[in-house]
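Asker: Data: model.txt, compact mmCIF, C-alpha atoms.
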# COMPACT_ATOMS: atom_id res chain seq x y z
CA MET A 17 -18.20 -24.58 -0.43
CA ARG A 18 -14.92 -24.23 1.47
CA VAL A 19 -12.69 -21.71 -0.31
CA LEU A 20 -9.02 -20.83 0.21
CA LEU A 21 -8.65 -17.07 -0.32
CA LEU A 22 -5.21 -15.52 -0.76
CA GLY A 23 -4.83 -11.80 -0.11
CA GLY A 24 -7.91 -11.80 2.09
CA TYR A 25 -7.58 -8.24 3.41
CA GLY A 26 -6.26 -6.63 0.24
CA LEU A 27 -8.05 -4.10 -1.92
CA VAL A 28 -9.99 -6.74 -3.86
CA GLY A 29 -9.56 -9.70 -1.52
CA LYS A 30 -11.50 -8.13 1.32
CA GLU A 31 -14.51 -7.51 -0.94
CA ILE A 32 -14.31 -11.08 -2.22
CA GLY A 33 -14.14 -12.42 1.32
CA HIS A 34 -17.25 -10.49 2.40
CA ALA A 35 -19.14 -11.65 -0.70
CA LEU A 36 -18.18 -15.29 -0.09
CA LEU A 37 -19.31 -15.18 3.54
CA GLN A 38 -22.58 -13.48 2.67
CA ALA A 39 -23.24 -16.17 0.06
CA GLY A 40 -22.80 -18.86 2.71
CA HIS A 41 -19.35 -20.13 1.74
CA GLU A 42 -16.70 -21.07 4.29
CA VAL A 43 -13.59 -18.93 3.84
CA VAL A 44 -10.06 -20.00 4.73
CA ALA A 45 -7.99 -16.84 4.38
CA ALA A 46 -4.21 -16.56 4.24
CA ALA A 47 -2.20 -13.41 4.91
CA ARG A 48 0.94 -12.14 6.60
CA ASN A 49 -0.97 -10.56 9.47
CA PRO A 50 -3.84 -12.85 10.52
CA ASP A 51 -4.65 -10.68 13.55
CA LEU A 52 -5.43 -7.78 11.22
CA GLY A 53 -7.39 -10.18 9.01
CA LYS A 54 -9.53 -11.34 11.92
CA ARG A 55 -10.50 -7.73 12.62
CA LEU A 56 -11.29 -6.93 8.98
CA LEU A 57 -12.93 -10.24 8.03
CA PRO A 58 -13.91 -11.91 11.32
CA GLY A 59 -16.02 -14.63 9.72
CA ALA A 60 -13.03 -16.26 7.99
CA ILE A 61 -10.59 -18.85 9.29
CA TRP A 62 -7.20 -17.16 9.18
CA PHE A 63 -3.72 -18.60 8.62
CA GLN A 64 -0.45 -16.72 8.80
CA VAL A 65 1.51 -17.21 5.58
CA ASP A 66 4.16 -15.48 3.53
CA LEU A 67 3.94 -16.38 -0.14
CA ASN A 68 7.69 -15.87 -0.40
CA ASN A 69 8.10 -19.03 1.69
CA LEU A 70 5.52 -21.27 -0.02
CA ILE A 71 7.46 -22.56 -3.02
CA LYS A 72 6.89 -26.33 -2.73
CA SER A 73 3.62 -28.14 -3.34
CA ASP A 74 3.76 -29.72 0.12
CA ASP A 75 3.89 -26.25 1.72
CA TRP A 76 0.26 -25.75 0.69
CA THR A 77 -1.13 -28.99 2.12
CA PRO A 78 -2.31 -27.61 5.52
CA LEU A 79 -4.08 -24.68 3.84
CA LEU A 80 -5.82 -26.80 1.21
CA LYS A 81 -7.25 -29.36 3.63
CA ASP A 82 -10.98 -29.92 2.88
CA CYS A 83 -11.05 -26.99 0.43
CA ASP A 84 -13.19 -27.12 -2.70
CA ALA A 85 -11.78 -24.10 -4.53
CA VAL A 86 -8.94 -21.56 -4.46
CA ILE A 87 -9.11 -17.83 -5.16
CA ASN A 88 -5.87 -15.91 -5.57
CA ALA A 89 -6.40 -12.20 -4.90
CA ALA A 90 -2.88 -11.62 -3.59
CA GLY A 91 -0.42 -9.39 -5.35
CA ALA A 92 2.05 -6.53 -5.12
CA LEU A 93 3.06 -3.91 -7.66
CA GLN A 94 6.80 -4.07 -7.18
CA SER A 95 9.55 -6.00 -5.43
CA GLY A 96 10.82 -4.36 -2.26
CA GLY A 97 9.49 -3.74 1.21
CA GLY A 98 9.21 -7.49 1.86
CA ASP A 99 7.83 -8.36 -1.59
CA ARG A 100 9.69 -10.57 -4.10
CA LEU A 101 7.41 -10.82 -7.10
CA SER A 102 9.31 -13.60 -8.85
CA VAL A 103 8.58 -15.76 -5.81
CA SER A 104 5.28 -14.51 -4.41
CA GLN A 105 3.47 -13.97 -7.73
CA ARG A 106 5.08 -16.72 -9.83
CA ASP A 107 6.94 -19.53 -8.02
CA SER A 108 4.52 -19.70 -5.11
CA LEU A 109 1.48 -19.75 -7.40
CA VAL A 110 2.99 -22.41 -9.65
CA SER A 111 3.53 -24.64 -6.60
CA LEU A 112 -0.06 -23.95 -5.50
CA VAL A 113 -1.40 -25.03 -8.89
CA HIS A 114 0.55 -28.29 -8.63
CA ALA A 115 -0.73 -28.80 -5.07
CA CYS A 116 -4.31 -28.35 -6.26
CA GLU A 117 -3.78 -30.89 -9.03
CA GLN A 118 -2.34 -33.38 -6.57
CA GLY A 119 -5.03 -32.71 -3.96
CA GLY A 120 -8.00 -33.01 -6.29
CA ILE A 121 -9.07 -29.37 -5.95
CA SER A 122 -10.31 -28.53 -9.40
CA ARG A 123 -11.67 -24.95 -9.22
CA PHE A 124 -9.09 -22.15 -9.28
CA LEU A 125 -9.88 -18.46 -9.78
CA GLN A 126 -6.97 -16.15 -10.50
CA ILE A 127 -7.16 -12.35 -10.13
CA SER A 128 -4.65 -11.05 -12.66
CA ALA A 129 -4.26 -7.73 -14.50
CA PRO A 130 -4.77 -6.31 -18.01
CA GLY A 131 -1.57 -6.61 -19.96
CA ALA A 132 -0.24 -9.52 -17.89
CA SER A 133 2.02 -11.63 -20.09
CA PRO A 134 5.18 -13.73 -19.67
CA ASP A 135 7.03 -11.25 -21.91
CA ALA A 136 5.64 -8.05 -20.35
CA GLU A 137 7.99 -5.15 -19.66
CA THR A 138 7.41 -4.80 -15.92
CA GLU A 139 8.08 -7.51 -13.34
CA PHE A 140 4.55 -7.08 -12.00
CA LEU A 141 2.83 -7.90 -15.30
CA ARG A 142 5.47 -10.47 -16.25
CA THR A 143 5.15 -12.53 -13.06
CA LYS A 144 1.36 -12.28 -13.20
CA GLY A 145 1.49 -13.47 -16.81
CA GLU A 146 3.79 -16.38 -15.94
CA ALA A 147 1.42 -17.49 -13.17
CA ASP A 148 -1.55 -17.15 -15.57
CA ALA A 149 0.27 -19.29 -18.14
CA ALA A 150 1.06 -22.00 -15.58
CA LEU A 151 -2.59 -22.08 -14.55
CA ALA A 152 -3.77 -22.27 -18.17
CA ALA A 153 -1.43 -25.22 -18.79
CA SER A 154 -2.77 -27.13 -15.79
CA THR A 155 -5.55 -29.70 -15.64
CA LEU A 156 -7.60 -27.54 -13.30
CA SER A 157 -10.97 -25.92 -13.93
CA TRP A 158 -9.71 -22.35 -13.95
CA VAL A 159 -10.83 -18.80 -14.71
CA THR A 160 -8.54 -15.78 -14.88
CA LEU A 161 -10.15 -12.40 -14.20
CA LYS A 162 -8.35 -9.20 -15.16
CA PRO A 163 -9.94 -6.18 -13.47
CA GLY A 164 -9.34 -2.70 -14.82
CA LEU A 165 -8.41 0.12 -12.45
CA VAL A 166 -10.16 -1.03 -9.28
CA LEU A 167 -12.00 1.59 -7.23
CA ALA A 168 -12.91 0.54 -3.71
CA PRO A 169 -13.87 2.04 -0.33
CA THR A 170 -10.23 1.56 0.69
CA ALA A 171 -7.31 2.65 -1.46
CA PHE A 172 -3.93 1.20 -2.33
CA GLY A 173 -1.54 1.48 -5.24
CA GLY A 174 -2.98 3.29 -8.24
CA THR A 175 -6.23 4.21 -6.49
CA ALA A 176 -4.29 5.73 -3.57
CA LEU A 177 -2.26 7.71 -6.11
CA LEU A 178 -5.48 9.09 -7.60
CA ARG A 179 -6.71 10.29 -4.22
CA THR A 180 -3.34 11.77 -3.31
CA LEU A 181 -3.11 13.77 -6.53
CA ALA A 182 -6.71 14.91 -6.17
CA ALA A 183 -5.88 16.35 -2.73
CA VAL A 184 -3.27 18.82 -4.04
CA PRO A 185 -4.69 22.27 -3.17
CA GLY A 186 -5.14 25.03 -5.73
CA VAL A 187 -3.78 23.28 -8.81
CA GLN A 188 -4.13 19.80 -10.29
CA PRO A 189 -0.87 18.11 -11.27
CA LEU A 190 -1.14 15.28 -13.80
CA LEU A 191 1.48 12.79 -14.91
CA LEU A 192 0.30 10.29 -17.50
CA GLY A 193 -0.58 12.34 -20.55
CA THR A 194 -2.65 10.36 -23.05
CA ALA A 195 -2.97 7.12 -21.04
CA ARG A 196 -6.49 5.64 -20.99
CA PHE A 197 -8.23 3.84 -18.15
CA GLN A 198 -11.25 1.60 -17.82
CA CYS A 199 -12.42 1.24 -14.23
CA VAL A 200 -14.27 -1.36 -12.22
CA GLY A 201 -15.76 -1.37 -8.74
CA ALA A 202 -14.30 -3.79 -6.19
CA ARG A 203 -17.77 -5.03 -5.30
CA GLU A 204 -18.46 -5.96 -8.93
CA VAL A 205 -15.18 -7.88 -9.05
CA ALA A 206 -16.37 -9.83 -6.01
CA GLU A 207 -19.71 -10.50 -7.72
CA ALA A 208 -17.86 -11.79 -10.78
CA VAL A 209 -15.86 -14.17 -8.58
CA LEU A 210 -19.08 -15.55 -7.07
CA THR A 211 -20.51 -15.98 -10.55
CA CYS A 212 -17.45 -18.01 -11.60
CA LEU A 213 -17.70 -20.23 -8.53
CA GLU A 214 -21.34 -21.01 -9.17
CA ALA A 215 -21.32 -21.22 -13.00
CA PRO A 216 -19.43 -24.32 -14.24
CA HIS A 217 -19.88 -23.28 -17.88
CA ILE A 218 -17.52 -20.33 -17.26
CA ASN A 219 -14.36 -22.37 -17.45
CA ARG A 220 -10.75 -22.25 -18.71
CA GLN A 221 -11.08 -18.70 -20.02
CA SER A 222 -9.58 -15.31 -19.27
CA TYR A 223 -11.87 -12.28 -18.96
CA ASP A 224 -11.37 -8.52 -18.65
CA LEU A 225 -13.52 -6.97 -15.91
CA MET A 226 -14.08 -3.28 -16.58
CA GLU A 227 -16.45 -0.64 -17.83
CA SER A 228 -16.85 -0.14 -21.55
CA GLU A 229 -15.81 3.54 -21.64
CA ALA A 230 -12.16 4.61 -21.37
CA HIS A 231 -11.11 7.80 -19.57
CA SER A 232 -8.05 10.00 -19.77
CA PHE A 233 -5.97 10.36 -16.62
CA GLN A 234 -7.06 13.99 -16.37
CA ASP A 235 -10.75 13.09 -16.50
CA LEU A 236 -10.18 10.33 -13.97
CA VAL A 237 -8.33 12.49 -11.43
CA LEU A 238 -10.78 15.37 -11.78
CA ALA A 239 -13.69 12.95 -11.29
CA VAL A 240 -12.06 11.66 -8.08
CA ARG A 241 -11.44 15.26 -6.98
CA ARG A 242 -15.13 16.09 -7.42
CA TRP A 243 -16.14 12.86 -5.67
CA LEU A 244 -13.96 13.73 -2.66
CA GLY A 245 -15.57 17.16 -2.46
CA PHE A 246 -12.44 19.24 -3.04
CA ALA A 247 -12.66 22.62 -4.79
CA PRO A 248 -12.03 22.63 -8.56
CA PRO A 249 -8.38 23.40 -9.39
CA ARG A 250 -7.45 26.88 -10.52
CA ALA A 251 -5.11 25.32 -13.08
CA VAL A 252 -4.27 21.89 -14.48
CA LEU A 253 -0.56 21.12 -14.78
CA ASN A 254 0.24 18.37 -17.28
CA LEU A 255 3.70 17.32 -16.13
CA PRO A 256 5.98 15.32 -18.46
CA LEU A 257 6.24 11.62 -17.73
CA PHE A 258 9.99 11.83 -17.11
CA LEU A 259 9.35 14.15 -14.17
CA GLY A 260 6.86 11.67 -12.73
CA LEU A 261 9.39 8.87 -13.19
CA ALA A 262 12.00 10.96 -11.35
CA PHE A 263 9.65 11.17 -8.35
CA ALA A 264 8.96 7.47 -8.78
CA ARG A 265 12.67 6.70 -8.50
CA LEU A 266 12.65 8.44 -5.12
CA ALA A 267 9.68 6.29 -4.15
CA ASP A 268 11.63 3.21 -5.30
CA LEU A 269 14.47 4.29 -3.02
CA ALA A 270 12.00 4.61 -0.17
CA ALA A 271 10.91 1.02 -0.88
CA VAL A 272 14.45 -0.10 0.00
CA PHE A 273 13.69 1.22 3.49
CA GLY A 274 10.37 -0.65 3.56
CA TRP A 275 8.00 2.14 2.45
CA ARG A 276 5.49 1.08 -0.25
CA SER A 277 4.51 4.32 -1.94
CA PRO A 278 1.74 4.36 -4.59
CA LEU A 279 4.07 6.50 -6.74
CA ARG A 280 6.64 3.77 -7.41
CA SER A 281 7.95 3.36 -10.94
CA THR A 282 6.05 0.15 -11.68
CA ALA A 283 2.72 1.81 -10.92
CA LEU A 284 3.50 4.66 -13.32
CA LYS A 285 4.80 2.34 -16.05
CA VAL A 286 1.75 0.08 -15.85
CA MET A 287 -0.65 3.01 -15.87
CA ALA A 288 1.23 4.81 -18.66
CA LYS A 289 0.60 1.82 -20.97
CA ASP A 290 -3.19 2.13 -20.49
CA VAL A 291 -5.29 0.06 -18.12
CA ALA A 292 -7.77 -1.18 -20.68
CA GLY A 293 -9.33 -4.26 -22.23
CA ASP A 294 -12.44 -5.74 -23.79
CA PRO A 295 -15.36 -6.24 -21.38
CA GLU A 296 -17.62 -7.80 -24.02
CA PRO A 297 -16.54 -11.48 -23.57
CA TRP A 298 -17.36 -11.33 -19.87
CA ARG A 299 -20.75 -9.74 -20.55
CA LYS A 300 -21.59 -12.52 -23.00
CA ALA A 301 -20.41 -15.28 -20.67
CA SER A 302 -22.05 -13.99 -17.49
CA GLY A 303 -24.74 -11.52 -18.52
CA GLN A 304 -23.13 -8.91 -16.24
CA THR A 305 -22.33 -5.40 -17.45
CA MET A 306 -19.84 -3.47 -15.35
CA SER A 307 -20.83 -0.03 -14.07
CA GLY A 308 -19.25 3.14 -15.46
CA LEU A 309 -16.98 5.49 -13.55
CA GLY A 310 -19.79 7.79 -12.39
CA ALA A 311 -21.86 4.93 -11.00
CA ILE A 312 -18.84 3.36 -9.30
CA LEU A 313 -17.96 6.59 -7.49
CA ALA A 314 -21.59 7.24 -6.57
CA ASP A 315 -21.64 3.83 -4.87
CA LEU A 316 -18.57 4.61 -2.75
CA PRO A 317 -18.55 6.63 0.49
CA SER A 318 -17.27 10.16 0.14
CA THR A 319 -17.06 11.63 3.62
CA ARG A 320 -14.67 13.60 5.79
CA GLN A 321 -12.70 10.39 6.38
CA GLU A 322 -11.92 10.02 2.67
CA ARG A 323 -10.80 13.66 2.42
CA ILE A 324 -8.59 13.32 5.50
CA PHE A 325 -7.04 10.15 4.07
CA ALA A 326 -6.24 11.86 0.77
CA ARG A 327 -4.63 14.84 2.52
CA HIS A 328 -2.79 12.52 4.88
CA MET A 329 -1.30 10.58 1.94
CA LEU A 330 -0.13 13.89 0.48
CA VAL A 331 1.74 15.18 3.56
CA PHE A 332 2.71 12.00 5.46
CA PRO A 333 5.97 11.37 3.51
CA LEU A 334 7.01 14.98 4.16
CA GLY A 335 6.32 14.51 7.86
CA VAL A 336 8.52 11.40 7.97
CA LEU A 337 11.38 13.20 6.21
CA VAL A 338 11.08 16.32 8.39
CA LEU A 339 11.06 14.37 11.65
CA SER A 340 14.02 12.23 10.59
CA ALA A 341 15.94 15.29 9.40
CA PHE A 342 15.19 17.06 12.71
CA TRP A 343 17.01 14.35 14.66
CA LEU A 344 19.81 13.79 12.15
CA VAL A 345 20.63 17.50 11.86
CA SER A 346 20.38 17.90 15.62
CA GLY A 347 22.97 15.17 16.14
CA LEU A 348 25.29 16.36 13.39
CA VAL A 349 25.23 19.98 14.57
CA ALA A 350 26.07 18.91 18.12
CA LEU A 351 29.00 16.78 16.93
CA ALA A 352 30.28 19.53 14.64
CA ASP A 353 30.66 21.99 17.53
CA ALA A 354 30.44 19.93 20.71
CA GLU A 355 32.44 22.43 22.77
CA ARG A 356 30.06 25.29 22.05
CA ALA A 357 27.03 23.04 22.57
CA GLY A 358 28.38 22.08 25.98
CA LEU A 359 28.55 25.72 27.09
CA VAL A 360 24.75 25.81 27.14
CA LEU A 361 24.72 23.09 29.81
CA GLU A 362 27.67 24.23 31.94
CA PRO A 363 25.60 26.35 34.32
CA GLY A 364 24.16 23.07 35.64
CA MET A 365 27.15 20.71 35.33
CA THR A 366 30.93 20.59 34.92
CA SER A 367 32.59 21.08 31.54
CA GLY A 368 33.50 17.41 31.29
CA GLN A 369 29.98 16.31 32.15
CA ALA A 370 28.54 18.72 29.60
CA GLN A 371 30.81 17.38 26.84
CA LEU A 372 29.89 13.79 27.69
CA PHE A 373 26.20 14.70 27.64
CA VAL A 374 26.56 16.41 24.25
CA TYR A 375 28.33 13.46 22.61
CA ALA A 376 25.93 10.90 24.09
CA GLY A 377 22.93 12.99 23.13
CA ALA A 378 24.22 13.48 19.57
CA LEU A 379 24.65 9.73 19.07
CA VAL A 380 21.13 9.12 20.40
CA ASP A 381 19.75 11.78 18.06
CA LEU A 382 21.48 10.21 15.05
CA ALA A 383 20.20 6.76 16.01
CA ILE A 384 16.63 8.04 16.23
CA GLY A 385 16.93 9.85 12.89
CA CYS A 386 18.16 6.68 11.17
CA THR A 387 15.51 4.49 12.81
CA LEU A 388 12.75 6.78 11.55
CA LEU A 389 13.82 6.19 7.94
CA PHE A 390 12.98 2.47 8.09
CA ARG A 391 9.31 1.49 7.85
CA ARG A 392 9.85 -1.59 9.98
CA TRP A 393 11.20 0.46 12.89
CA PHE A 394 9.32 3.69 12.29
CA ARG A 395 6.92 3.43 15.21
CA LEU A 396 9.79 2.48 17.49
CA GLY A 397 11.63 5.56 16.23
CA CYS A 398 8.60 7.72 17.01
CA LEU A 399 8.38 6.27 20.51
CA LEU A 400 12.09 6.91 21.08
CA SER A 401 11.65 10.42 19.68
CA ILE A 402 8.88 11.20 22.15
CA THR A 403 10.66 9.58 25.11
CA VAL A 404 14.02 11.24 24.47
CA SER A 405 12.39 14.63 23.82
CA LEU A 406 10.55 14.49 27.12
CA GLY A 407 13.76 13.34 28.81
CA TYR A 408 15.67 16.29 27.36
CA LEU A 409 12.97 18.69 28.54
CA LEU A 410 13.00 17.21 32.04
CA LEU A 411 16.80 17.30 32.40
CA ALA A 412 17.04 20.79 30.94
CA SER A 413 14.31 22.00 33.29
CA LEU A 414 16.23 20.61 36.28
CA LEU A 415 19.74 21.61 35.23
CA VAL A 416 19.29 24.76 33.11
CA PRO A 417 15.74 26.07 33.72
CA ALA A 418 16.72 29.45 32.26
CA LEU A 419 16.56 27.87 28.80
CA TRP A 420 12.76 28.11 28.97
CA LEU A 421 13.19 31.90 28.88
CA ASP A 422 15.78 31.90 26.07
CA PRO A 423 14.55 34.27 23.29
CA LEU A 424 15.18 31.58 20.63
CA GLY A 425 13.04 29.08 22.55
CA PRO A 426 15.23 25.93 22.24
CA LEU A 427 13.03 23.99 24.68
CA VAL A 428 9.70 25.29 23.41
CA LYS A 429 10.57 24.12 19.91
CA VAL A 430 10.93 20.54 21.12
CA LEU A 431 7.21 20.34 21.82
CA PRO A 432 6.01 20.58 18.16
CA ALA A 433 8.53 17.89 17.17
CA THR A 434 7.21 15.65 19.95
CA LEU A 435 3.63 16.13 18.79
CA LEU A 436 4.69 15.45 15.17
CA ALA A 437 6.19 12.13 16.28
CA LEU A 438 2.97 11.23 18.08
CA TYR A 439 0.88 12.17 15.05
CA LEU A 440 2.99 10.14 12.64
CA ALA A 441 3.11 7.11 14.92
CA MET A 442 -0.69 7.01 15.14
CA LEU A 443 -1.12 7.28 11.36
CA ALA A 444 1.71 4.97 10.26
CA GLU A 445 -0.39 1.99 9.25
CA GLU A 446 -0.11 -0.42 6.36
CA ARG A 447 -3.15 -1.04 4.18
Please express the file's structure as structure tokens.

Answerer:
Amino acid sequence: MRVLLLGGYGLVGKEIGHALLQAGHEVVAAARNPDLGKRLLPGAIWFQVDLNNLIKSDDWTPLLKDCDAVINAAGALQSGGGDRLSVSQRDSLVSLVHACEQGGISRFLQISAPGASPDAETEFLRTKGEADAALAASTLSWVTLKPGLVLAPTAFGGTALLRTLAAVPGVQPLLLGTARFQCVGAREVAEAVLTCLEAPHINRQSYDLMESEAHSFQDLVLAVRRWLGFAPPRAVLNLPLFLGLAFARLADLAAVFGWRSPLRSTALKVMAKDVAGDPEPWRKASGQTMSGLGAILADLPSTRQERIFARHMLVFPLGVLVLSAFWLVSGLVALADAERAGLVLEPGMTSGQAQLFVYAGALVDLAIGCTLLFRRWFRLGCLLSITVSLGYLLLASLLVPALWLDPLGPLVKVLPATLLALYLAMLAEER
């Protein structure tokens, strides 16, 4: 069977893609970065697409050629950072459903979410619900699967938030009070998709995919903490939801600059309403019972890499802010007292040359600091940071070598900032 898979290198999509290939299906995968897709799922045929641009039925024709079925595993939690949910999760999917009807492709599997509804509070659940409703109203042979909180070898969104919180040393902060969660393993979601493809009697129904037992957020985070191998917390801090939402608003602001934090407000609002459902209809239809939290975690790798990732997620935003602030403050301080700053350079150049160097350097510093704030240009900002820092060290060494012996170490202190830029550039990677 030739299958069009949307979101082929996402949290769930990658597992579905591997399962399809292992079962002998031909996979046509669509994503924004097909080069990344080819590395993660090399057996698939990759197309570069942006769901924000596929809003007419004809836009889908090249992708649907010779396909027998469609699986939509694409999705985003919140608009921002290149995502427009009203388009990518609703309008684009509605046009795809129409294209499938026109092209004679009958089988359509939709990965949705518990609580998805056209009148849901959040845009994420509302647009998912609107797409689900359009699919249900179609003439296609469809199945909508609604996984609980998905746990996978990789992490994104809510699962990345769990790992980040679990990495806090000493104490365990918690945010969601009495919220309840039913989990599911990404591999079992992929198995359910295969079952739907190969079982025609499972048709035109919506199913919750999740374990039967519900867990509190505290139990869930502490279970992830134990799984990662971190020491038990000395204290558990149950923070009020409004404080978590305040942090989430900062994460929403970061999304304006292209950063997609797992702590954004939509993630907290969705999780605060419970991630739960009824797994019994799926068990009756398929005969499959989803594993519980303990079995899911036992099936996932828990190595040094997972611990490093969790700690990295905890400190990476601070590193970005510190490096940007370093350059912004450096430029502002130089502009605030350019005459005094120029005195440091006058042993190696004239007063006029020193002033020109100070003003030019301050503008460069400010430009680097601003560039570092934008996700799209962050690596460029890191490269500029490293290059300009090394340039400053070289010029200072030639013109004012005595600065190396200055008791305050103005040149020595440039080296840690340069290494921080190198570190952040190497770790600044999307999912």

Asker: Write out as a PyMOL selection string which residues come within 6 Å of stretch 77-85 of chain A when counting all atoms listed in the file, dropping same-chain ones fewer than 3 positions away.

Answerer: chain A and resi 18-19+74+121+123-124

Asker: With distances taken over only C-alpha atoms, which residue among A:Trp76, A:Phe140, A:Trp243, A:Trp298 lies nearest A:Leu101?

Answerer: A:Phe140

Asker: Determine the nearest neighbour of A:Arg299 from the options A:Leu259, A:Leu225, A:Val345, A:Val237, counting only C-alpha atoms.

Answerer: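 Selected residue with least distance to A:Arg299: A:Leu225.
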
Asker: Name the residues in contact with A:Gln126 at a cut-off of 9 Å, using only C-alpha atoms, excluding same-chain residues fewer than 6 positions from it; report them as a list of chain:residue names.

Answerer: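 That gives A:Val86, A:Ile87, A:Asn88, A:Ala89, A:Ala147, A:Asp148, A:Leu151, A:Trp158, A:Val159, A:Thr160, A:Leu161, A:Lys162.
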
Asker: Between A:Thr282, A:Arg106, A:Phe373, A:Leu339, which is the closest to A:Gly397 once you count only C-alpha atoms?

Answerer: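 Checking each candidate against A:Gly397, we get A:Leu339 as the closest.
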
Asker: Kindly indicate which residue among A:Leu440, A:Ala215, A:Leu388, A:Ile402 lies nearest to A:Gly303, using all atoms listed in the file for the distances.

Answerer: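 The shortest atom-to-atom distance to A:Gly303 comes from A:Ala215.
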
Asker: Measure the distance from atom CA of A:Cys212 to atom CA of A:Lys289 in Å and round it to one decimal.

Answerer: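 Computed distance, atom CA of A:Cys212 to atom CA of A:Lys289, equals 28.4 Å.
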
Asker: Have a look at atom CA of A:Leu379 and atom CA of A:Ser401 and let me know their distance in Å, one decimal.

Answerer: 13.0 Å

Asker: What's the 12 Å shell around A:Arg356, counting all atoms listed in the file, without same-chain residues fewer than 5 positions away, as a compact mmCIF listing (two decimals) with C-alpha atoms, keeping the file's coordinate frame?

Answerer:
# COMPACT_ATOMS: atom_id res chain seq x y z
CA VAL A 349 25.23 19.98 14.57
CA ALA A 350 26.07 18.91 18.12
CA LEU A 351 29.00 16.78 16.93
CA LEU A 361 24.72 23.09 29.81
CA GLU A 362 27.67 24.23 31.94
CA SER A 367 32.59 21.08 31.54
CA ALA A 370 28.54 18.72 29.60
CA GLN A 371 30.81 17.38 26.84
CA VAL A 374 26.56 16.41 24.25
CA TYR A 375 28.33 13.46 22.61
